Amino acid sequence: MLNIDNLECVRGDRQLFSGLSFALDEGSLLHVHGANGSGKTTLLRAVAGLVLPENGEIRWDGKSTRKLDENFNRELIYLGHHYGLKFELTGYENLRIFAQLSGFDISERKVEAALKAMGLARCFELPVKVLSQGQKKRVSLARLLLQRSKLWILDEPFVALDVAGVSMLLDMIKEHVADGGMVILTTHQEVDVEVGKLQHLHLGEH
Amino acid sequence: MFAALKCIILRDLTLAMRHRSDVLTTVFFFVIVVSLFPLGVGPETDLLRSMAAGVVWVSALLASMLSLSRLFADDYNDGTLEQLLLVPQSLALMVFGKVLAHWIISGLPLVLMAPLLGLQFGLGGDALLMLVVTLLLGTPVLSLVGSIGAALTLGLRGGGVLVSLLVLPLYIPVLIFGAGGVEASVSGMGAEGHLSLLAAILILALLLAPLASAAALRISVE
């Protein structure tokens with residue numbers, strides 16, 4: 001269970017939000033809304049631990065994520081605006097490195113299966129730099145299938161995906177939430193994310 | 001833990017192998033700068049021999065500066081650095097792995113080239129050996145200390161110049177004891193003192209630099 005207490009984030013001299021509190025249970029999805037510059041990305045990065053909040057606390061199962069540090073990292077996947085892939089390496093190599101750094105070794109077959117599930121069966125041996133934007137996005141999303149993390153933090157995950165890709169990602173999110181996972185996401189696209197216990201958070205309106 | 005360390009080192013080495021020109025730039029820069037001195041100063045053996053250690057060492061400092069800006073910048077730009085911050089491993093360990101890979105790519109070739117270049121300056125066998133040993137102890141310090149500068153200037157405009165201003169003053173002790181060791185050996189005095197001090201600096205840098213760089217990276221990524 002994720003608890004956000006009285007969170008305040010500041011970017012430069014500007015206060016993005018303050019007094020923000022919410023709780024996220026197992027099997028629920030938080031959809032963060034807000035105009036450009038309202039602090040959606042900053043909120044997501046603060047929850048992931050990449051941005052130090054000005055005030056407030058983020059707790060995972062009752063313990064501060066700052067103190068949990070590496071143990072909290074084990075529980076989460078953060079996919080931001082960047083793909084987070086090395087373009088000179090193949091999709092397989094990229095995914096394998098992530099797995100090894102996360103502390104588990106995965107077989108070639110498993111990575112292959114994940115890439116196939118993402119519709120990338122033919123791009124197995126290609127360096128990521130020759131893939132299209134949508135395909136790159138699919139490679140980075142393949143991590144969601146490989147790493148069994150409880151909390152997914154997805155910043156604009158539908159960008160660059162085609163219709164089939166969007167519905168596939170939606171299915172993945174639904175399945176994850178149904179399995180008791182948690183998802184925090186932002187999107188500007190008209191995507192129907194009606195799953196599990198759905199919560200909405202509107203930034204920049206108070 | 002060691003699996004993750006091995007993984008990050010292999011990753012950076014693989015990336016370097018796919019970008020071979022980057023690696024070769026550093027080595028060629030080193031070779032050319034060192035080779036310019038005999039051409040500019042003239043073929044006086046005594047003069048060349050007395051300045052050899054200093055020239056090779058200063059060139060090594062400059063060559064290692066050249067590759068520093070790439071240590072974290074590529075990872076920062078494509079978002080893999082923030083993913084590295086989020087893996088369930090100690091960030092200092094990840095930094096240590098990256099610095100070690102950086103040294104293998106940009107420091108070790110300099111150590112291996114140095115005896116060949118030392119010959120141009122008429123250095124004898126003992127002095128050449130001492131040159132290699134001091135570089136072997138000193139170049140890892142350059143990578144380690146440099147990583148702090150590279151992490152601090154990440155994402156800043158003109159970071160390349162700034163990193164030189166930050167890091168070059170910190171290189172001075174390494175330069176003094178490195179070049180001093182070779183000179184002591186040329187003039188027949190023992191160089192044990194210089195080597196001990198270099199080794200001490202190396203151990204200190206090994207302990208502290210990854211921690212400092214990790215802290216700097218957290219600030220830069222934010």
# chains A, B, ... in the order shown; residues from 1 in each chain; ligands from 1
call {"tool": "residues_around", "arguments": {"residues": "region 192-202 of chain B", "least_positions_apart": "4", "cutoff": "7 Å", "atoms": "only C-alpha atoms", "output": "list of chain:residue names"}}
result
B:Thr134, B:Leu137, B:Gly138, B:Val141, B:Val174, B:Phe177, B:Gly180, B:Gly181, B:Leu206
call {"tool": "write_last_selection", "arguments": {"atoms": "N, CA and C atoms", "output": "mmCIF file, in the first residue's frame"}}
result
data_model
loop_
_atom_site.group_PDB
_atom_site.id
_atom_site.type_symbol
_atom_site.label_atom_id
_atom_site.label_comp_id
_atom_site.auth_asym_id
_atom_site.auth_seq_id
_atom_site.Cartn_x
_atom_site.Cartn_y
_atom_site.Cartn_z
ATOM 1 N N THR B 134 53.605 4.007 -12.414
ATOM 2 C CA THR B 134 52.936 5.214 -11.891
ATOM 3 C C THR B 134 51.627 5.462 -12.632
ATOM 4 N N LEU B 137 48.943 3.136 -11.373
ATOM 5 C CA LEU B 137 48.370 3.556 -10.092
ATOM 6 C C LEU B 137 47.592 4.867 -10.224
ATOM 7 N N GLY B 138 48.045 5.713 -11.155
ATOM 8 C CA GLY B 138 47.494 7.069 -11.224
ATOM 9 C C GLY B 138 46.261 7.210 -12.095
ATOM 10 N N VAL B 141 42.868 6.829 -10.562
ATOM 11 C CA VAL B 141 42.489 7.985 -9.739
ATOM 12 C C VAL B 141 41.889 9.064 -10.631
ATOM 13 N N VAL B 174 48.205 13.844 -8.078
ATOM 14 C CA VAL B 174 48.525 12.658 -8.875
ATOM 15 C C VAL B 174 49.648 12.987 -9.851
ATOM 16 N N PHE B 177 53.118 13.349 -7.904
ATOM 17 C CA PHE B 177 53.742 12.096 -7.464
ATOM 18 C C PHE B 177 53.989 11.146 -8.624
ATOM 19 N N GLY B 180 56.878 12.789 -10.580
ATOM 20 C CA GLY B 180 57.998 12.793 -9.642
ATOM 21 C C GLY B 180 58.621 11.417 -9.489
ATOM 22 N N GLY B 181 57.792 10.396 -9.465
ATOM 23 C CA GLY B 181 58.294 9.035 -9.327
ATOM 24 C C GLY B 181 59.207 8.659 -10.475
ATOM 25 N N LEU B 206 39.243 5.291 -4.355
ATOM 26 C CA LEU B 206 38.375 4.115 -4.520
ATOM 27 C C LEU B 206 37.261 4.108 -3.485
#
call {"tool": "closest_atom_pairs", "arguments": {"of": "chain A", "to": "chain B", "cutoff": "7 Å", "atoms": "only C-alpha atoms", "output": "Markdown table"}}
result
| residue | atom | partner | partner_atom | distance |
| --- | --- | --- | --- | --- |
| A:Leu50 | CA | B:Glu222 | CA | 6.0 |
| A:Val51 | CA | B:Glu222 | CA | 5.1 |
| A:Glu70 | CA | B:Pro88 | CA | 4.5 |
| A:Asn71 | CA | B:Pro88 | CA | 6.4 |
| A:Asn73 | CA | B:Pro88 | CA | 5.1 |
| A:Arg74 | CA | B:Pro88 | CA | 5.3 |
| A:His82 | CA | B:Gly79 | CA | 5.1 |
| A:Tyr83 | CA | B:Gly79 | CA | 6.4 |
| A:Gly84 | CA | B:Thr80 | CA | 4.2 |
| A:Leu85 | CA | B:Thr80 | CA | 6.0 |
| A:Glu88 | CA | B:Leu15 | CA | 6.8 |
| A:Ile97 | CA | B:Cys7 | CA | 6.7 |
| A:Gln100 | CA | B:Ala4 | CA | 6.1 |
| A:Leu101 | CA | B:Ala4 | CA | 4.9 |
| A:Ser102 | CA | B:Val87 | CA | 5.5 |
| A:Gly103 | CA | B:Ala4 | CA | 6.9 |
call {"tool": "write_last_selection", "arguments": {"atoms": "C-alpha atoms", "output": "compact mmCIF listing (two decimals), in the first residue's frame"}}
result
# COMPACT_ATOMS: atom_id res chain seq x y z
CA LEU A 50 13.93 10.62 -8.52
CA VAL A 51 12.82 14.02 -7.23
CA GLU A 70 16.80 -0.10 -2.70
CA ASN A 71 14.05 -2.26 -1.25
CA ASN A 73 13.17 0.16 -6.00
CA ARG A 74 12.56 -3.58 -6.14
CA HIS A 82 12.65 8.73 -22.20
CA TYR A 83 12.69 5.19 -23.42
CA GLY A 84 15.55 4.36 -21.06
CA LEU A 85 17.12 2.13 -23.69
CA GLU A 88 23.30 0.73 -29.78
CA ILE A 97 20.66 -5.82 -18.64
CA GLN A 100 20.38 -8.57 -14.30
CA LEU A 101 20.67 -5.18 -12.64
CA SER A 102 17.37 -5.86 -10.91
CA GLY A 103 18.94 -8.91 -9.39
call {"tool": "residues_around", "arguments": {"residues": "Leu29 (chain A)", "least_positions_apart": "3", "cutoff": "9 Å", "atoms": "only C-alpha atoms", "output": "PyMOL selection string"}}
result
chain A and resi 24-26+173+177+181-185+193-200
call {"tool": "write_last_selection", "arguments": {"atoms": "C-alpha atoms", "output": "PDB file, in the first residue's frame"}}
result
ATOM      1  CA  LEU A  24      -3.235   3.649  -3.242  1.00  0.00           C
ATOM      2  CA  ASP A  25      -4.432   0.162  -2.357  1.00  0.00           C
ATOM      3  CA  GLU A  26      -3.521  -3.102  -3.953  1.00  0.00           C
ATOM      4  CA  ILE A 173      -2.599  -2.758 -17.109  1.00  0.00           C
ATOM      5  CA  VAL A 177      -4.427  -4.444 -11.485  1.00  0.00           C
ATOM      6  CA  GLY A 181      -0.811  -4.632  -8.626  1.00  0.00           C
ATOM      7  CA  MET A 182      -0.888  -0.852  -8.500  1.00  0.00           C
ATOM      8  CA  VAL A 183      -0.598   1.567 -11.383  1.00  0.00           C
ATOM      9  CA  ILE A 184      -0.082   5.321 -11.428  1.00  0.00           C
ATOM     10  CA  LEU A 185      -0.352   6.837 -14.879  1.00  0.00           C
ATOM     11  CA  VAL A 193      -8.746   3.033 -18.307  1.00  0.00           C
ATOM     12  CA  GLU A 194     -11.762   1.805 -16.382  1.00  0.00           C
ATOM     13  CA  VAL A 195     -10.183  -0.921 -14.295  1.00  0.00           C
ATOM     14  CA  GLY A 196     -10.156  -2.106 -10.712  1.00  0.00           C
ATOM     15  CA  LYS A 197     -10.483   0.571  -8.070  1.00  0.00           C
ATOM     16  CA  LEU A 198     -10.029   3.632 -10.221  1.00  0.00           C
ATOM     17  CA  GLN A 199      -9.014   6.929  -8.628  1.00  0.00           C
ATOM     18  CA  HIS A 200      -8.618  10.278 -10.281  1.00  0.00           C
TER      19      HIS A 200
END
call {"tool": "closest_residue", "arguments": {"among": "A:Arg122, A:Arg11, A:Lys40, A:His33", "to": "Gln189 (chain A)", "atoms": "only C-alpha atoms"}}
result
A:His33
call {"tool": "select_by_dssp", "arguments": {"residues": "region 2-172 of chain A", "states": "strand (DSSP E)", "output": "MDAnalysis selection string"}}
result
chainID A and resid 2:11 14:24 28:33 55:60 63:64 76:79 151:155
call {"tool": "residues_around", "arguments": {"residues": "Ile32 (chain B)", "least_positions_apart": "3", "cutoff": "12 Å", "atoms": "only C-alpha atoms", "output": "list in words"}}
result
Leu24, Thr25, Thr26, Val27, Phe28, Phe29, Ser35, Leu36, Phe37, Pro38, Leu39, Val55, Val56, Ser59, Ala60, Leu62, Ala63, Leu110, Met113 and Leu117 of chain B
call {"tool": "closest_residue", "arguments": {"among": "A:Asp105, A:Asp171, A:Glu75, A:Asp61", "to": "Ala23 (chain A)", "atoms": "only C-alpha atoms"}}
result
A:Asp61
call {"tool": "closest_residue", "arguments": {"among": "A:Lys129, A:Arg143, A:Lys137, A:His31", "to": "Thr186 (chain A)", "atoms": "only C-alpha atoms"}}
result
A:His31
call {"tool": "closest_residue", "arguments": {"among": "A:Leu146, A:Val166, A:Met1, A:Val139", "to": "Leu126 (chain A)", "atoms": "only C-alpha atoms"}}
result
A:Val139
call {"tool": "atom_distance", "arguments": {"atom1": "CA of Phe72 (chain A)", "atom2": "CA of Ala46 (chain A)"}}
result
13.0 Å
call {"tool": "decode", "arguments": {"residues": "region 1-151 of chain A", "atoms": "C-alpha atoms", "output": "CSV table (one decimal), in the first residue's frame"}}
result
chain,number,residue,atom,x,y,z
A,1,MET,CA,0.0,0.0,0.0
A,2,LEU,CA,1.3,3.4,-1.0
A,3,ASN,CA,0.6,6.5,1.1
A,4,ILE,CA,1.3,10.0,0.1
A,5,ASP,CA,1.1,12.5,2.9
A,6,ASN,CA,0.9,16.3,2.5
A,7,LEU,CA,3.3,16.3,-0.5
A,8,GLU,CA,4.7,19.5,-1.8
A,9,CYS,CA,6.9,19.8,-4.8
A,10,VAL,CA,8.7,22.9,-6.1
A,11,ARG,CA,10.4,23.4,-9.5
A,12,GLY,CA,12.7,26.3,-9.6
A,13,ASP,CA,10.8,29.1,-7.8
A,14,ARG,CA,7.4,27.8,-8.6
A,15,GLN,CA,5.3,25.7,-6.3
A,16,LEU,CA,3.7,22.9,-8.4
A,17,PHE,CA,1.4,21.5,-5.7
A,18,SER,CA,1.2,21.3,-2.0
A,19,GLY,CA,-0.8,19.5,0.6
A,20,LEU,CA,-1.3,16.6,-1.7
A,21,SER,CA,-2.4,13.4,0.0
A,22,PHE,CA,-3.7,10.1,-1.4
A,23,ALA,CA,-3.5,6.4,-0.7
A,24,LEU,CA,-3.2,3.6,-3.2
A,25,ASP,CA,-4.4,0.2,-2.4
A,26,GLU,CA,-3.5,-3.1,-4.0
A,27,GLY,CA,-5.5,-3.6,-7.1
A,28,SER,CA,-6.1,0.0,-7.9
A,29,LEU,CA,-5.2,2.5,-10.5
A,30,LEU,CA,-4.5,6.2,-10.1
A,31,HIS,CA,-5.1,8.4,-13.1
A,32,VAL,CA,-3.3,11.7,-12.7
A,33,HIS,CA,-4.9,14.6,-14.7
A,34,GLY,CA,-3.7,18.1,-15.2
A,35,ALA,CA,-2.7,20.6,-17.8
A,36,ASN,CA,0.8,20.9,-19.2
A,37,GLY,CA,3.1,22.2,-16.5
A,38,SER,CA,0.8,21.2,-13.6
A,39,GLY,CA,3.4,18.9,-12.1
A,40,LYS,CA,2.2,15.4,-13.3
A,41,THR,CA,5.7,14.3,-14.2
A,42,THR,CA,7.2,15.8,-11.1
A,43,LEU,CA,4.7,14.0,-8.9
A,44,LEU,CA,5.4,10.7,-10.6
A,45,ARG,CA,9.2,11.2,-10.4
A,46,ALA,CA,8.8,12.2,-6.7
A,47,VAL,CA,6.9,8.9,-6.0
A,48,ALA,CA,9.6,7.0,-7.8
A,49,GLY,CA,12.2,8.7,-5.7
A,50,LEU,CA,13.9,10.6,-8.5
A,51,VAL,CA,12.8,14.0,-7.2
A,52,LEU,CA,13.2,15.0,-3.6
A,53,PRO,CA,9.9,16.6,-2.5
A,54,GLU,CA,10.0,19.9,-0.6
A,55,ASN,CA,7.7,18.6,2.0
A,56,GLY,CA,5.7,15.6,2.9
A,57,GLU,CA,6.2,11.9,3.0
A,58,ILE,CA,5.8,8.9,0.7
A,59,ARG,CA,5.3,5.6,2.5
A,60,TRP,CA,5.3,2.1,1.2
A,61,ASP,CA,3.6,-0.4,3.5
A,62,GLY,CA,3.9,2.2,6.3
A,63,LYS,CA,7.7,2.8,5.8
A,64,SER,CA,9.2,5.9,4.3
A,65,THR,CA,10.4,5.1,0.7
A,66,ARG,CA,13.5,7.2,1.4
A,67,LYS,CA,14.5,4.8,4.1
A,68,LEU,CA,13.5,1.7,2.1
A,69,ASP,CA,15.6,3.0,-0.8
A,70,GLU,CA,16.8,-0.1,-2.7
A,71,ASN,CA,14.0,-2.3,-1.2
A,72,PHE,CA,11.5,0.2,-2.6
A,73,ASN,CA,13.2,0.2,-6.0
A,74,ARG,CA,12.6,-3.6,-6.1
A,75,GLU,CA,8.8,-2.9,-5.9
A,76,LEU,CA,8.5,-0.4,-8.7
A,77,ILE,CA,9.0,0.2,-12.4
A,78,TYR,CA,9.1,3.8,-13.6
A,79,LEU,CA,8.7,4.4,-17.3
A,80,GLY,CA,9.2,8.1,-18.1
A,81,HIS,CA,9.3,10.2,-21.2
A,82,HIS,CA,12.7,8.7,-22.2
A,83,TYR,CA,12.7,5.2,-23.4
A,84,GLY,CA,15.6,4.4,-21.1
A,85,LEU,CA,17.1,2.1,-23.7
A,86,LYS,CA,20.6,2.1,-25.1
A,87,PHE,CA,20.1,2.6,-28.8
A,88,GLU,CA,23.3,0.7,-29.8
A,89,LEU,CA,22.2,-2.5,-28.1
A,90,THR,CA,19.4,-4.8,-29.3
A,91,GLY,CA,16.1,-5.1,-27.5
A,92,TYR,CA,17.2,-8.4,-26.1
A,93,GLU,CA,20.4,-7.0,-24.7
A,94,ASN,CA,18.6,-4.0,-23.2
A,95,LEU,CA,16.0,-6.1,-21.4
A,96,ARG,CA,18.6,-8.6,-20.2
A,97,ILE,CA,20.7,-5.8,-18.6
A,98,PHE,CA,17.6,-4.5,-16.8
A,99,ALA,CA,16.8,-7.9,-15.5
A,100,GLN,CA,20.4,-8.6,-14.3
A,101,LEU,CA,20.7,-5.2,-12.6
A,102,SER,CA,17.4,-5.9,-10.9
A,103,GLY,CA,18.9,-8.9,-9.4
A,104,PHE,CA,17.5,-11.8,-11.4
A,105,ASP,CA,18.9,-13.6,-14.5
A,106,ILE,CA,16.4,-14.4,-17.1
A,107,SER,CA,16.6,-17.0,-19.9
A,108,GLU,CA,16.9,-16.0,-23.5
A,109,ARG,CA,13.5,-17.7,-24.1
A,110,LYS,CA,11.7,-15.6,-21.6
A,111,VAL,CA,13.0,-12.3,-23.1
A,112,GLU,CA,12.1,-13.6,-26.6
A,113,ALA,CA,8.6,-14.4,-25.3
A,114,ALA,CA,8.2,-11.0,-23.9
A,115,LEU,CA,9.3,-9.3,-27.1
A,116,LYS,CA,7.0,-11.5,-29.1
A,117,ALA,CA,4.1,-10.6,-26.8
A,118,MET,CA,4.9,-7.0,-27.6
A,119,GLY,CA,4.7,-7.7,-31.3
A,120,LEU,CA,8.4,-7.4,-31.8
A,121,ALA,CA,9.2,-10.9,-33.0
A,122,ARG,CA,11.0,-9.7,-36.1
A,123,CYS,CA,13.1,-7.1,-34.4
A,124,PHE,CA,14.9,-9.4,-32.1
A,125,GLU,CA,18.4,-9.0,-33.3
A,126,LEU,CA,18.2,-5.4,-34.4
A,127,PRO,CA,19.8,-2.5,-32.4
A,128,VAL,CA,17.1,-0.3,-30.9
A,129,LYS,CA,18.2,2.7,-32.9
A,130,VAL,CA,16.8,1.3,-36.2
A,131,LEU,CA,13.4,0.6,-34.7
A,132,SER,CA,10.5,3.1,-35.1
A,133,GLN,CA,9.3,5.3,-32.2
A,134,GLY,CA,6.4,3.0,-31.5
A,135,GLN,CA,8.6,-0.1,-31.5
A,136,LYS,CA,11.1,1.5,-29.1
A,137,LYS,CA,8.2,2.2,-26.8
A,138,ARG,CA,7.2,-1.4,-27.0
A,139,VAL,CA,10.7,-2.6,-26.1
A,140,SER,CA,10.7,-0.4,-23.0
A,141,LEU,CA,7.2,-1.6,-22.1
A,142,ALA,CA,8.3,-5.2,-22.4
A,143,ARG,CA,10.0,-4.7,-19.0
A,144,LEU,CA,6.5,-4.7,-17.5
A,145,LEU,CA,6.2,-8.3,-18.5
A,146,LEU,CA,9.6,-9.4,-17.4
A,147,GLN,CA,9.9,-7.7,-14.0
A,148,ARG,CA,7.4,-8.7,-11.4
A,149,SER,CA,7.1,-5.3,-9.7
A,150,LYS,CA,4.1,-4.4,-7.8
A,151,LEU,CA,3.9,-0.7,-8.6
